[in-house]
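Structure below is input.txt: compact mmCIF, C-alpha atoms.
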```
# COMPACT_ATOMS: atom_id res chain seq x y z
CA MET A 1 -3.27 55.85 -59.95
CA PHE A 2 -7.01 55.27 -59.65
CA LYS A 3 -9.68 55.43 -62.32
CA SER A 4 -13.05 57.01 -61.67
CA LYS A 5 -16.24 56.91 -63.64
CA TRP A 6 -16.38 60.67 -63.13
CA LEU A 7 -13.01 61.38 -64.73
CA SER A 8 -14.40 62.21 -68.17
CA LEU A 9 -17.07 64.44 -66.69
CA SER A 10 -14.53 66.24 -64.51
CA LEU A 11 -12.18 66.83 -67.42
CA ALA A 12 -14.99 68.19 -69.54
CA PHE A 13 -16.04 70.63 -66.86
CA ALA A 14 -12.42 71.58 -66.28
CA LEU A 15 -12.05 72.46 -69.97
CA VAL A 16 -15.14 74.66 -69.82
CA PHE A 17 -13.71 76.33 -66.72
CA VAL A 18 -10.38 77.06 -68.39
CA LEU A 19 -12.02 78.53 -71.50
CA ALA A 20 -14.33 80.67 -69.41
CA ALA A 21 -11.65 81.84 -67.00
CA CYS A 22 -9.03 82.72 -69.62
CA GLY A 23 -11.02 85.66 -70.87
CA SER A 24 -11.74 87.17 -67.48
CA LYS A 25 -8.83 86.43 -65.15
CA ASN A 26 -6.71 89.40 -64.13
CA ASN A 27 -2.94 89.32 -63.88
CA ASP A 28 -2.54 88.59 -60.20
CA GLY A 29 -5.76 86.63 -59.69
CA ALA A 30 -6.01 87.66 -56.01
CA SER A 31 -7.96 90.22 -54.03
CA SER A 32 -6.25 92.57 -51.62
CA PRO A 33 -5.79 91.68 -47.94
CA SER A 34 -7.61 94.83 -46.89
CA ALA A 35 -10.67 93.93 -48.91
CA SER A 36 -10.71 90.47 -47.40
CA ALA A 37 -10.31 91.79 -43.88
CA ALA A 38 -13.15 94.26 -44.29
CA ALA A 39 -15.65 91.71 -45.61
CA PRO A 40 -14.66 88.13 -44.85
CA PHE A 41 -17.73 86.64 -46.56
CA GLU A 42 -17.92 88.69 -49.72
CA SER A 43 -18.80 87.10 -53.04
CA ALA A 44 -16.18 84.97 -54.75
CA PRO A 45 -13.70 86.62 -57.15
CA ALA A 46 -14.75 87.12 -60.74
CA SER A 47 -12.80 84.10 -61.99
CA SER A 48 -14.65 81.80 -59.57
CA ALA A 49 -17.98 83.39 -60.39
CA ALA A 50 -17.34 82.87 -64.11
CA ALA A 51 -16.49 79.24 -63.49
CA GLU A 52 -19.63 78.67 -61.44
CA GLU A 53 -21.78 80.01 -64.28
CA GLU A 54 -20.58 77.03 -66.29
CA VAL A 55 -20.07 74.42 -63.58
CA LYS A 56 -23.13 73.41 -61.60
CA PRO A 57 -23.51 70.84 -58.85
CA GLU A 58 -25.34 67.63 -59.65
CA ASP A 59 -29.12 67.62 -59.29
CA GLY A 60 -30.22 66.13 -56.00
CA ALA A 61 -26.75 66.35 -54.47
CA LYS A 62 -26.26 66.19 -50.72
CA LEU A 63 -22.89 66.09 -49.03
CA VAL A 64 -21.23 64.65 -45.94
CA VAL A 65 -18.13 66.40 -44.55
CA TRP A 66 -15.61 65.04 -42.04
CA TYR A 67 -14.11 67.64 -39.70
CA SER A 68 -12.96 68.06 -36.10
CA ALA A 69 -15.73 68.53 -33.55
CA SER A 70 -13.88 71.35 -31.79
CA GLU A 71 -13.96 73.46 -34.96
CA LYS A 72 -17.39 72.46 -36.25
CA ALA A 73 -18.59 76.08 -36.32
CA LEU A 74 -16.53 76.72 -39.46
CA ILE A 75 -18.25 73.89 -41.33
CA ASP A 76 -21.61 75.11 -40.10
CA ALA A 77 -20.95 78.53 -41.63
CA ALA A 78 -19.79 77.06 -44.94
CA ALA A 79 -22.70 74.62 -45.05
CA LYS A 80 -25.17 77.45 -44.53
CA GLU A 81 -23.66 79.48 -47.36
CA PHE A 82 -23.54 76.45 -49.67
CA LYS A 83 -27.19 75.69 -48.91
CA GLU A 84 -28.18 79.28 -49.67
CA LYS A 85 -26.28 79.29 -52.98
CA TYR A 86 -27.14 75.86 -54.33
CA GLY A 87 -29.89 74.37 -52.19
CA ILE A 88 -27.61 71.51 -51.17
CA ASP A 89 -27.61 70.14 -47.65
CA VAL A 90 -24.24 69.50 -46.03
CA GLU A 91 -24.07 67.03 -43.14
CA TYR A 92 -21.20 67.21 -40.66
CA GLN A 93 -19.54 64.17 -39.06
CA ASP A 94 -16.82 64.22 -36.39
CA VAL A 95 -13.71 62.69 -37.95
CA GLY A 96 -10.47 64.55 -37.27
CA PRO A 97 -7.84 65.25 -39.95
CA ASP A 98 -5.34 62.93 -38.27
CA LYS A 99 -7.67 59.96 -38.79
CA SER A 100 -9.57 60.84 -41.95
CA ILE A 101 -7.34 59.31 -44.63
CA GLU A 102 -7.04 55.96 -42.85
CA LYS A 103 -10.82 55.92 -42.44
CA MET A 104 -11.37 56.94 -46.06
CA ILE A 105 -9.16 54.11 -47.34
CA THR A 106 -11.57 51.74 -45.59
CA ASP A 107 -14.88 53.57 -45.93
CA GLY A 108 -14.52 55.20 -49.34
CA PRO A 109 -14.59 52.07 -51.51
CA ALA A 110 -17.40 50.69 -49.32
CA GLY A 111 -19.55 53.69 -50.22
CA VAL A 112 -19.83 55.08 -46.69
CA GLY A 113 -17.07 57.69 -46.71
CA ALA A 114 -17.60 61.44 -46.56
CA ASP A 115 -17.76 63.36 -49.82
CA VAL A 116 -15.30 66.00 -48.55
CA PHE A 117 -12.89 65.66 -45.65
CA LEU A 118 -10.08 67.55 -43.94
CA ALA A 119 -6.71 65.77 -43.76
CA VAL A 120 -3.03 66.36 -43.08
CA HIS A 121 -0.78 66.24 -46.12
CA ASP A 122 1.70 63.62 -44.87
CA ARG A 123 -0.80 60.80 -45.58
CA LEU A 124 -1.57 61.96 -49.11
CA GLY A 125 0.68 59.32 -50.70
CA SER A 126 -1.29 56.54 -49.05
CA ALA A 127 -4.58 58.07 -50.20
CA VAL A 128 -3.39 58.41 -53.79
CA GLN A 129 -1.92 54.91 -53.75
CA ALA A 130 -5.25 53.55 -52.53
CA GLY A 131 -7.15 55.54 -55.18
CA VAL A 132 -9.55 57.18 -52.75
CA VAL A 133 -9.12 60.89 -53.63
CA LEU A 134 -9.88 62.98 -56.71
CA PRO A 135 -7.55 65.65 -58.12
CA ASN A 136 -8.27 69.32 -57.48
CA ASP A 137 -8.83 70.00 -61.16
CA LEU A 138 -11.76 72.42 -61.41
CA HIS A 139 -10.12 74.97 -59.09
CA GLU A 140 -6.45 74.07 -59.56
CA GLU A 141 -5.22 77.43 -60.82
CA GLU A 142 -7.09 79.36 -58.16
CA SER A 143 -5.74 77.14 -55.38
CA LYS A 144 -2.21 77.51 -56.71
CA SER A 145 -2.32 81.28 -57.09
CA ASN A 146 -3.99 81.99 -53.75
CA ASN A 147 -1.95 79.75 -51.44
CA SER A 148 1.73 79.59 -50.54
CA ASP A 149 3.99 77.48 -52.74
CA LYS A 150 4.94 75.25 -49.81
CA SER A 151 1.29 74.50 -49.00
CA VAL A 152 0.44 73.77 -52.64
CA ASP A 153 3.45 71.51 -53.02
CA ALA A 154 2.41 69.60 -49.90
CA TRP A 155 -0.80 68.54 -51.66
CA THR A 156 0.82 67.70 -54.99
CA ILE A 157 2.10 64.30 -56.10
CA ASP A 158 3.72 63.65 -59.49
CA GLY A 159 2.56 67.04 -60.72
CA THR A 160 -1.09 66.51 -59.77
CA LEU A 161 -2.70 68.74 -57.15
CA TYR A 162 -5.14 66.81 -54.97
CA GLY A 163 -5.80 68.97 -51.95
CA TYR A 164 -7.46 72.31 -51.32
CA PRO A 165 -4.96 73.95 -48.89
CA MET A 166 -6.57 75.30 -45.73
CA SER A 167 -4.00 75.91 -42.99
CA VAL A 168 -0.38 75.32 -42.05
CA GLU A 169 1.14 74.36 -38.74
CA THR A 170 4.44 73.67 -37.10
CA THR A 171 5.80 73.82 -33.57
CA ALA A 172 7.65 76.49 -31.63
CA VAL A 173 8.58 77.40 -28.06
CA PHE A 174 5.95 78.90 -25.76
CA TYR A 175 7.51 80.49 -22.68
CA ASN A 176 6.54 82.11 -19.42
CA LYS A 177 8.09 85.58 -19.42
CA ASP A 178 8.10 85.62 -15.63
CA LEU A 179 10.37 82.55 -15.47
CA VAL A 180 12.98 82.99 -18.20
CA PRO A 181 16.01 85.30 -17.88
CA ASN A 182 15.09 88.95 -18.53
CA GLY A 183 11.70 87.87 -19.81
CA GLU A 184 13.20 86.47 -23.02
CA THR A 185 13.67 82.90 -24.10
CA PRO A 186 17.25 81.67 -24.63
CA LYS A 187 18.37 82.03 -28.25
CA THR A 188 20.78 79.07 -28.38
CA TRP A 189 20.91 75.58 -26.96
CA ASP A 190 24.01 76.50 -24.97
CA GLU A 191 21.91 79.15 -23.24
CA VAL A 192 19.06 76.67 -22.67
CA ILE A 193 21.51 74.22 -21.06
CA ASN A 194 22.98 76.92 -18.81
CA PHE A 195 19.52 78.09 -17.77
CA ALA A 196 18.42 74.53 -17.01
CA LYS A 197 21.34 74.12 -14.59
CA THR A 198 19.95 76.89 -12.40
CA PHE A 199 16.21 76.39 -12.94
CA ASN A 200 15.62 72.63 -12.91
CA ASP A 201 14.44 71.02 -9.69
CA PRO A 202 13.17 67.51 -10.54
CA LYS A 203 12.03 66.81 -6.97
CA ALA A 204 9.68 69.77 -7.29
CA ASN A 205 8.69 68.88 -10.88
CA LYS A 206 10.28 72.11 -12.05
CA TYR A 207 11.90 72.20 -15.49
CA ALA A 208 13.38 74.74 -17.86
CA TYR A 209 12.41 73.26 -21.24
CA MET A 210 10.17 70.37 -22.27
CA TRP A 211 9.08 68.59 -25.43
CA GLU A 212 7.98 65.03 -26.20
CA ALA A 213 11.49 63.70 -26.70
CA GLY A 214 10.47 60.17 -27.62
CA ASN A 215 8.19 61.25 -30.45
CA GLY A 216 9.49 61.53 -34.02
CA TYR A 217 7.27 64.49 -34.81
CA TRP A 218 8.40 66.61 -31.88
CA SER A 219 12.09 65.69 -31.99
CA TRP A 220 12.70 65.91 -35.73
CA GLY A 221 13.85 69.55 -35.46
CA PHE A 222 17.21 68.40 -34.08
CA PHE A 223 17.82 66.00 -36.95
CA GLY A 224 16.59 68.37 -39.63
CA GLY A 225 18.78 71.13 -38.20
CA TYR A 226 21.86 68.93 -38.56
CA GLY A 227 21.01 68.21 -42.19
CA ALA A 228 19.42 64.78 -41.80
CA TYR A 229 16.47 63.77 -43.96
CA VAL A 230 13.96 60.97 -43.94
CA PHE A 231 13.79 60.41 -47.69
CA GLY A 232 15.87 62.05 -50.41
CA LYS A 233 14.82 64.46 -53.18
CA ASP A 234 12.66 66.69 -51.01
CA GLY A 235 11.06 63.76 -49.24
CA THR A 236 9.90 62.02 -52.41
CA ASP A 237 12.45 59.22 -52.88
CA GLY A 238 11.50 56.31 -50.66
CA SER A 239 14.63 54.38 -51.62
CA ASP A 240 16.95 57.06 -50.21
CA ILE A 241 16.71 56.82 -46.42
CA GLY A 242 18.71 59.56 -44.70
CA VAL A 243 18.16 59.21 -40.97
CA ASN A 244 21.66 57.68 -40.68
CA SER A 245 23.34 60.31 -42.83
CA PRO A 246 26.32 62.09 -41.22
CA GLY A 247 23.98 64.86 -40.10
CA GLY A 248 21.59 62.34 -38.59
CA VAL A 249 24.38 60.75 -36.56
CA GLU A 250 25.63 64.13 -35.30
CA ALA A 251 22.09 65.07 -34.30
CA ALA A 252 21.72 61.78 -32.44
CA LYS A 253 24.91 62.45 -30.48
CA PHE A 254 23.65 65.86 -29.37
CA PHE A 255 20.15 64.53 -28.70
CA GLU A 256 21.61 61.92 -26.32
CA THR A 257 23.15 64.61 -24.12
CA LEU A 258 19.93 66.50 -23.47
CA ARG A 259 18.34 64.18 -20.96
CA GLU A 260 21.19 64.78 -18.53
CA GLN A 261 21.63 68.46 -19.34
CA VAL A 262 18.09 69.71 -19.85
CA LEU A 263 15.25 67.27 -19.23
CA PRO A 264 16.00 64.44 -16.76
CA ILE A 265 12.85 62.42 -17.44
CA LYS A 266 12.41 59.10 -19.29
CA ALA A 267 11.03 59.52 -22.78
CA GLY A 268 7.87 57.55 -22.06
CA ASP A 269 6.99 59.81 -19.13
CA ILE A 270 6.95 63.04 -21.14
CA LYS A 271 3.33 63.49 -22.17
CA ALA A 272 1.38 66.39 -23.64
CA ASP A 273 -0.97 66.70 -20.67
CA ILE A 274 1.96 66.68 -18.23
CA LYS A 275 3.68 69.48 -20.15
CA THR A 276 0.51 71.53 -20.20
CA SER A 277 -0.12 71.07 -16.49
CA LEU A 278 3.43 72.03 -15.52
CA PHE A 279 3.41 75.03 -17.85
CA THR A 280 0.11 76.49 -16.68
CA SER A 281 1.04 75.89 -13.03
CA GLY A 282 4.30 77.85 -13.33
CA LYS A 283 6.66 74.90 -13.03
CA LEU A 284 7.79 74.79 -16.66
CA ALA A 285 9.50 77.80 -18.21
CA MET A 286 9.47 76.75 -21.88
CA ASN A 287 6.97 74.41 -23.49
CA VAL A 288 7.24 73.20 -27.09
CA SER A 289 3.83 73.00 -28.73
CA GLY A 290 1.79 74.13 -31.71
CA PRO A 291 -0.71 76.86 -32.59
CA TRP A 292 -3.62 74.70 -31.49
CA GLN A 293 -2.70 75.41 -27.86
CA THR A 294 -2.28 79.17 -28.18
CA GLN A 295 -5.68 80.08 -26.79
CA GLU A 296 -5.35 77.59 -23.94
CA PHE A 297 -1.96 78.95 -22.93
CA LYS A 298 -3.15 82.55 -23.14
CA LYS A 299 -5.70 81.71 -20.49
CA GLY A 300 -3.34 79.65 -18.34
CA VAL A 301 -0.12 81.71 -18.42
CA LYS A 302 -0.30 85.39 -17.49
CA ASN A 303 2.83 86.60 -19.31
CA LEU A 304 2.97 84.30 -22.31
CA GLY A 305 5.50 84.54 -25.12
CA LEU A 306 6.38 82.53 -28.21
CA ALA A 307 9.75 82.14 -29.87
CA GLN A 308 11.35 80.16 -32.65
CA TYR A 309 13.53 77.23 -31.66
CA PRO A 310 16.98 77.82 -30.13
CA THR A 311 19.95 77.67 -32.50
CA LEU A 312 21.80 74.35 -32.48
CA PRO A 313 25.48 73.96 -31.48
CA ASN A 314 26.40 73.75 -35.17
CA GLY A 315 25.11 77.31 -35.60
CA LYS A 316 22.13 76.18 -37.68
CA PRO A 317 18.45 76.69 -36.92
CA MET A 318 16.37 73.71 -35.92
CA MET A 319 14.11 72.41 -38.70
CA PRO A 320 10.98 70.95 -37.12
CA PHE A 321 8.40 69.03 -39.07
CA SER A 322 5.48 71.02 -40.41
CA GLY A 323 2.10 70.01 -41.72
CA VAL A 324 -0.43 71.42 -44.13
CA LYS A 325 -4.10 70.73 -43.59
CA GLY A 326 -6.43 70.75 -46.53
CA PHE A 327 -9.62 69.33 -47.92
CA LEU A 328 -9.81 66.30 -50.15
CA VAL A 329 -12.64 64.89 -52.26
CA ASN A 330 -13.60 61.24 -52.03
CA ALA A 331 -12.98 59.42 -55.32
CA ASN A 332 -16.11 57.37 -54.68
CA THR A 333 -18.47 60.29 -54.07
CA LYS A 334 -21.74 60.29 -55.99
CA TYR A 335 -21.45 64.06 -56.35
CA PRO A 336 -17.90 64.96 -57.48
CA ILE A 337 -18.78 68.40 -58.86
CA ALA A 338 -20.71 69.50 -55.78
CA SER A 339 -17.95 68.09 -53.56
CA LYS A 340 -15.23 70.01 -55.39
CA MET A 341 -17.27 73.20 -55.23
CA PHE A 342 -17.76 72.84 -51.48
CA ALA A 343 -14.08 72.05 -50.92
CA GLN A 344 -13.15 75.19 -52.80
CA LEU A 345 -15.65 77.33 -50.87
CA VAL A 346 -14.62 76.15 -47.40
CA SER A 347 -10.89 76.56 -48.17
CA SER A 348 -11.30 79.99 -49.76
CA GLU A 349 -9.69 83.19 -48.52
CA SER A 350 -12.74 84.28 -46.53
CA TYR A 351 -13.01 80.99 -44.69
CA GLN A 352 -9.29 80.83 -43.97
CA GLN A 353 -9.64 84.25 -42.41
CA LYS A 354 -12.62 83.02 -40.42
CA ASN A 355 -10.61 79.95 -39.36
CA PHE A 356 -7.87 82.20 -38.01
CA GLU A 357 -10.29 84.50 -36.22
CA MET A 358 -12.22 81.65 -34.59
CA PHE A 359 -9.50 79.11 -33.85
CA GLY A 360 -6.13 80.74 -34.49
CA SER A 361 -5.39 78.38 -37.39
CA LEU A 362 -2.51 79.65 -39.52
CA PRO A 363 -3.63 80.41 -43.08
CA SER A 364 -2.07 78.93 -46.20
CA ASN A 365 -3.73 81.70 -48.21
CA LYS A 366 -1.15 84.36 -49.06
CA ASN A 367 -3.49 87.32 -48.63
CA VAL A 368 -4.69 86.23 -45.20
CA ALA A 369 -1.14 85.47 -44.06
CA ALA A 370 -0.07 88.96 -45.14
CA SER A 371 -3.03 90.71 -43.53
CA SER A 372 -2.45 92.97 -40.55
CA ALA A 373 -4.55 90.70 -38.34
CA VAL A 374 -2.10 87.84 -38.83
CA SER A 375 1.20 89.65 -39.32
CA SER A 376 0.70 91.76 -36.16
CA ASP A 377 -0.33 88.81 -34.02
CA PRO A 378 2.61 87.95 -31.71
CA PHE A 379 1.85 84.23 -31.88
CA ALA A 380 0.67 83.64 -35.44
CA SER A 381 3.54 85.69 -36.87
CA VAL A 382 6.14 83.63 -34.99
CA PHE A 383 4.58 80.34 -36.05
CA LEU A 384 4.57 81.46 -39.69
CA LYS A 385 8.25 82.43 -39.42
CA GLN A 386 9.02 79.03 -37.92
CA PHE A 387 6.99 77.42 -40.71
CA ASP A 388 9.40 79.03 -43.17
CA ASN A 389 12.18 77.31 -41.20
CA SER A 390 10.60 73.88 -41.18
CA THR A 391 10.59 70.60 -43.06
CA PRO A 392 7.19 69.58 -44.45
CA MET A 393 6.56 65.99 -43.47
CA PRO A 394 7.19 63.71 -46.45
CA LYS A 395 3.88 62.66 -47.98
CA ILE A 396 4.91 59.47 -49.75
CA ALA A 397 3.46 56.18 -48.56
CA GLU A 398 6.88 55.10 -47.28
CA MET A 399 6.45 57.49 -44.34
CA ASN A 400 4.57 54.62 -42.72
CA GLY A 401 7.98 53.06 -42.15
CA TYR A 402 9.19 56.17 -40.33
CA TRP A 403 6.18 56.48 -38.05
CA SER A 404 6.12 52.80 -37.16
CA THR A 405 9.77 52.77 -36.06
CA GLN A 406 10.56 56.21 -34.62
CA GLU A 407 9.30 55.78 -31.08
CA ALA A 408 11.50 52.81 -30.16
CA ILE A 409 14.63 54.39 -31.68
CA LEU A 410 14.21 57.78 -30.04
CA ALA A 411 13.36 56.23 -26.68
CA SER A 412 16.55 54.19 -26.90
CA LEU A 413 18.66 57.24 -27.77
CA TRP A 414 17.11 59.25 -24.95
CA ASN A 415 17.01 56.64 -22.21
CA ASP A 416 20.02 54.43 -22.90
CA LYS A 417 22.58 56.55 -24.82
CA PRO A 418 23.58 53.75 -27.23
CA ASP A 419 26.17 54.16 -29.98
CA ALA A 420 24.73 56.86 -32.24
CA GLN A 421 26.01 55.49 -35.55
CA LYS A 422 24.82 51.93 -34.88
CA THR A 423 21.45 53.15 -33.64
CA MET A 424 20.81 55.35 -36.65
CA ASP A 425 21.93 52.56 -39.00
CA THR A 426 19.46 50.28 -37.25
CA TRP A 427 16.72 52.87 -37.69
CA ALA A 428 17.38 53.17 -41.42
CA GLN A 429 17.20 49.39 -41.78
CA LYS A 430 14.00 49.18 -39.76
CA ILE A 431 12.36 51.82 -42.00
CA LYS A 432 13.46 49.85 -45.07
CA ASP A 433 12.17 46.58 -43.65
CA ALA A 434 8.85 48.07 -42.55
CA ASN A 435 8.17 49.46 -46.00
CA ALA A 436 9.22 46.23 -47.73
CA SER A 437 6.85 44.19 -45.59
CA SER A 438 3.92 46.47 -46.38
CA LYS A 439 4.17 46.01 -50.14
```

Let me see the file written as structure tokens.
Amino acid sequence: MFKSKWLSLSLAFALVFVLAACGSKNNDGASSPSASAAAPFESAPASSAAAEEEVKPEDGAKLVVWYSASEKALIDAAAKEFKEKYGIDVEYQDVGPDKSIEKMITDGPAGVGADVFLAVHDRLGSAVQAGVVLPNDLHEEESKSNNSDKSVDAWTIDGTLYGYPMSVETTAVFYNKDLVPNGETPKTWDEVINFAKTFNDPKANKYAYMWEAGNGYWSWGFFGGYGAYVFGKDGTDGSDIGVNSPGGVEAAKFFETLREQVLPIKAGDIKADIKTSLFTSGKLAMNVSGPWQTQEFKKGVKNLGLAQYPTLPNGKPMMPFSGVKGFLVNANTKYPIASKMFAQLVSSESYQQKNFEMFGSLPSNKNVAASSAVSSDPFASVFLKQFDNSTPMPKIAEMNGYWSTQEAILASLWNDKPDAQKTMDTWAQKIKDANASSK
């Protein structure tokens, strides 16, 4: 765990916040979905307002925020509101959530990292281990009460909440209603296989179902559905590697059959841009992707649908990986109070609603998720159901061993059909070795 010169100050402010909030907080601590929907940028709830009467940003503070360029408009809106409230300028820099923690581990200690940055939860362990992020202490109770348990847990390590949950995501099956039988996607893998027999025409680049088979993010749903796990105890025990568990071996055996039966392409040739091109040109019936492509597919496919994954031959649902995006505060920031206040503002209910409206991002906030705008949306509602049937990516630092080894193993299973047990045993050993060498 890291030590920060701001720790004492943060704890003192946190104590003031708790004493102030205890006398004013209501029982449920959350506003109604209808109120949020009617006025997405209303004033903060009473508990937050009470806290802000006691907690003030540092004099002369100015902030830098890392965020994706494609969604910069959300940061612009939050920066404008923060400037109006506190007179603090917020500068935006284009660093995506998939790269931010690695960059912060390098830039934070050097004094050139952003004050606040968006990240994906699976790299949290590395950030905490490197001591580059501060706990979410000033707004901990509000973050916990307003967001789903799964999203809060994703940003918690050893009982300490670090992140400010913002959105959740997983994968599901987009489909062209004009190409699948009766306009509905097959419900089981047996049905997918039977459909592929009649629909596939490799010479014409025509395929029934496609996903990035050689990628450990996109293919994990098979292994999770057979009961395999990466690390034991809910993904927190790096010493318990479970890819070669009995369920992992059974999943590998089924996985090996799918190239011949469903997708006769080498693993290395299945790329995201190829899938998108085939899908929007009417040559791919079912395309596995995430909510970030919803708007693109709506424009490219006339009769677009979305479904949860097909049921596996063992009768169980697939369990794809899922991620939770959230904001983190740089442990080396000169303005920890202002940074925490901005992180709380931009991840609040109103901004999560705005994020959904502008970009289709799935909210972690319980009120926004339950709102009619989200629950009635035929795409968001399916993704949230699939999220409930997903495995959050483990967030411990040992996940580096998984990511650095998965591509070669899955490509071998897909392309060469080796012995499943030996291959999965090899994978487990490679994960172990990779993590040992990094210590």

### Message
One decimal, in Å: what's the spacing between CA of Leu304 (chain A) and CA of Ser376 (chain A)?
### Response
15.9 Å

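Interatomic distance, CA of Lys177 (chain A) against CA of Gly305 (chain A): 6.3 Å.
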
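The space separating CA of Asp137 (chain A) from CA of Ala331 (chain A) comes to 12.8 Å.
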
Give me the region 253-371 of chain A side of the contact with region 90-112 of chain A, cut-off 9 Å, one line per residue showing its nearest atom pair and distance in Å at one decimal, counting all atoms listed in the file, sorted by chain and residue number, as JSON lines.
```
{"residue": "A:Lys325", "atom": "CA", "partner": "A:Pro97", "partner_atom": "CA", "distance": 7.6}
{"residue": "A:Gly326", "atom": "CA", "partner": "A:Pro97", "partner_atom": "CA", "distance": 8.7}
{"residue": "A:Asn330", "atom": "CA", "partner": "A:Gly108", "partner_atom": "CA", "distance": 6.7}
{"residue": "A:Ala331", "atom": "CA", "partner": "A:Gly108", "partner_atom": "CA", "distance": 7.5}
{"residue": "A:Asn332", "atom": "CA", "partner": "A:Gly108", "partner_atom": "CA", "distance": 6.0}
{"residue": "A:Thr333", "atom": "CA", "partner": "A:Gly111", "partner_atom": "CA", "distance": 7.7}
```

At most 8 Å is the cut-off: for each residue in region 229-339 of chain A with any atom that close to an atom of region 63-79 of chain A, write down the nearest atom pair and the distance in Å rounded to one decimal, counting all atoms listed in the file, chain first then increasing number, as a Markdown table.
```
| residue | atom | partner | partner_atom | distance |
| --- | --- | --- | --- | --- |
| A:Tyr335 | CA | A:Leu63 | CA | 7.7 |
| A:Ala338 | CA | A:Leu63 | CA | 7.9 |
| A:Ser339 | CA | A:Leu63 | CA | 7.0 |
```

### Who sits within 10 Å of region 153-159 of chain A, only C-alpha atoms, same chain under 6 positions skipped, as JSON, numbers by chain
{"A": [120, 121, 122, 123, 124, 125, 128, 135, 136, 144, 147, 165, 236, 323, 324, 325, 326, 327, 328, 392, 393, 394, 395, 396]}

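If you measure from each of A:Ala267, A:Ala343, A:Met319, A:Ile241 to Leu118 (chain A) using all atoms listed in the file, the closest one turns out to be A:Ala343.
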
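Distance check against Met341 (chain A) using all atoms listed in the file: of A:Leu138, A:Ala61, A:Val152, A:Val132, the minimum falls on A:Leu138.
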
Assuming the input is short of atoms at region 348-362 of chain A, produce N, CA and C atoms for that part as a PDB file, in the frame of the given file.
```pdb
ATOM      1  N   SER A 348     -11.539  78.699 -49.114  1.00  0.00           N
ATOM      2  CA  SER A 348     -11.300  79.990 -49.760  1.00  0.00           C
ATOM      3  C   SER A 348     -10.711  81.009 -48.792  1.00  0.00           C
ATOM      4  N   GLU A 349     -10.308  82.143 -49.322  1.00  0.00           N
ATOM      5  CA  GLU A 349      -9.690  83.190 -48.520  1.00  0.00           C
ATOM      6  C   GLU A 349     -10.566  83.616 -47.345  1.00  0.00           C
ATOM      7  N   SER A 350     -11.856  83.797 -47.599  1.00  0.00           N
ATOM      8  CA  SER A 350     -12.740  84.280 -46.530  1.00  0.00           C
ATOM      9  C   SER A 350     -12.862  83.267 -45.406  1.00  0.00           C
ATOM     10  N   TYR A 351     -12.886  81.987 -45.745  1.00  0.00           N
ATOM     11  CA  TYR A 351     -13.010  80.990 -44.690  1.00  0.00           C
ATOM     12  C   TYR A 351     -11.684  80.729 -43.983  1.00  0.00           C
ATOM     13  N   GLN A 352     -10.579  80.911 -44.662  1.00  0.00           N
ATOM     14  CA  GLN A 352      -9.290  80.830 -43.970  1.00  0.00           C
ATOM     15  C   GLN A 352      -9.154  81.979 -42.982  1.00  0.00           C
ATOM     16  N   GLN A 353      -9.655  83.130 -43.348  1.00  0.00           N
ATOM     17  CA  GLN A 353      -9.640  84.250 -42.410  1.00  0.00           C
ATOM     18  C   GLN A 353     -10.532  83.944 -41.205  1.00  0.00           C
ATOM     19  N   LYS A 354     -11.695  83.391 -41.485  1.00  0.00           N
ATOM     20  CA  LYS A 354     -12.620  83.020 -40.420  1.00  0.00           C
ATOM     21  C   LYS A 354     -11.986  81.958 -39.517  1.00  0.00           C
ATOM     22  N   ASN A 355     -11.276  81.014 -40.103  1.00  0.00           N
ATOM     23  CA  ASN A 355     -10.610  79.950 -39.360  1.00  0.00           C
ATOM     24  C   ASN A 355      -9.556  80.517 -38.410  1.00  0.00           C
ATOM     25  N   PHE A 356      -8.850  81.537 -38.869  1.00  0.00           N
ATOM     26  CA  PHE A 356      -7.870  82.200 -38.010  1.00  0.00           C
ATOM     27  C   PHE A 356      -8.548  82.959 -36.882  1.00  0.00           C
ATOM     28  N   GLU A 357      -9.593  83.692 -37.215  1.00  0.00           N
ATOM     29  CA  GLU A 357     -10.290  84.500 -36.220  1.00  0.00           C
ATOM     30  C   GLU A 357     -10.933  83.628 -35.135  1.00  0.00           C
ATOM     31  N   MET A 358     -11.487  82.501 -35.529  1.00  0.00           N
ATOM     32  CA  MET A 358     -12.220  81.650 -34.590  1.00  0.00           C
ATOM     33  C   MET A 358     -11.310  80.724 -33.799  1.00  0.00           C
ATOM     34  N   PHE A 359     -10.276  80.176 -34.469  1.00  0.00           N
ATOM     35  CA  PHE A 359      -9.500  79.110 -33.850  1.00  0.00           C
ATOM     36  C   PHE A 359      -7.993  79.337 -33.862  1.00  0.00           C
ATOM     37  N   GLY A 360      -7.555  80.455 -34.441  1.00  0.00           N
ATOM     38  CA  GLY A 360      -6.130  80.740 -34.490  1.00  0.00           C
ATOM     39  C   GLY A 360      -5.364  79.891 -35.482  1.00  0.00           C
ATOM     40  N   SER A 361      -6.054  79.217 -36.393  1.00  0.00           N
ATOM     41  CA  SER A 361      -5.390  78.380 -37.390  1.00  0.00           C
ATOM     42  C   SER A 361      -4.607  79.253 -38.365  1.00  0.00           C
ATOM     43  N   LEU A 362      -3.384  78.851 -38.674  1.00  0.00           N
ATOM     44  CA  LEU A 362      -2.510  79.650 -39.520  1.00  0.00           C
ATOM     45  C   LEU A 362      -2.877  79.460 -40.989  1.00  0.00           C
TER      46      LEU A 362
END
```
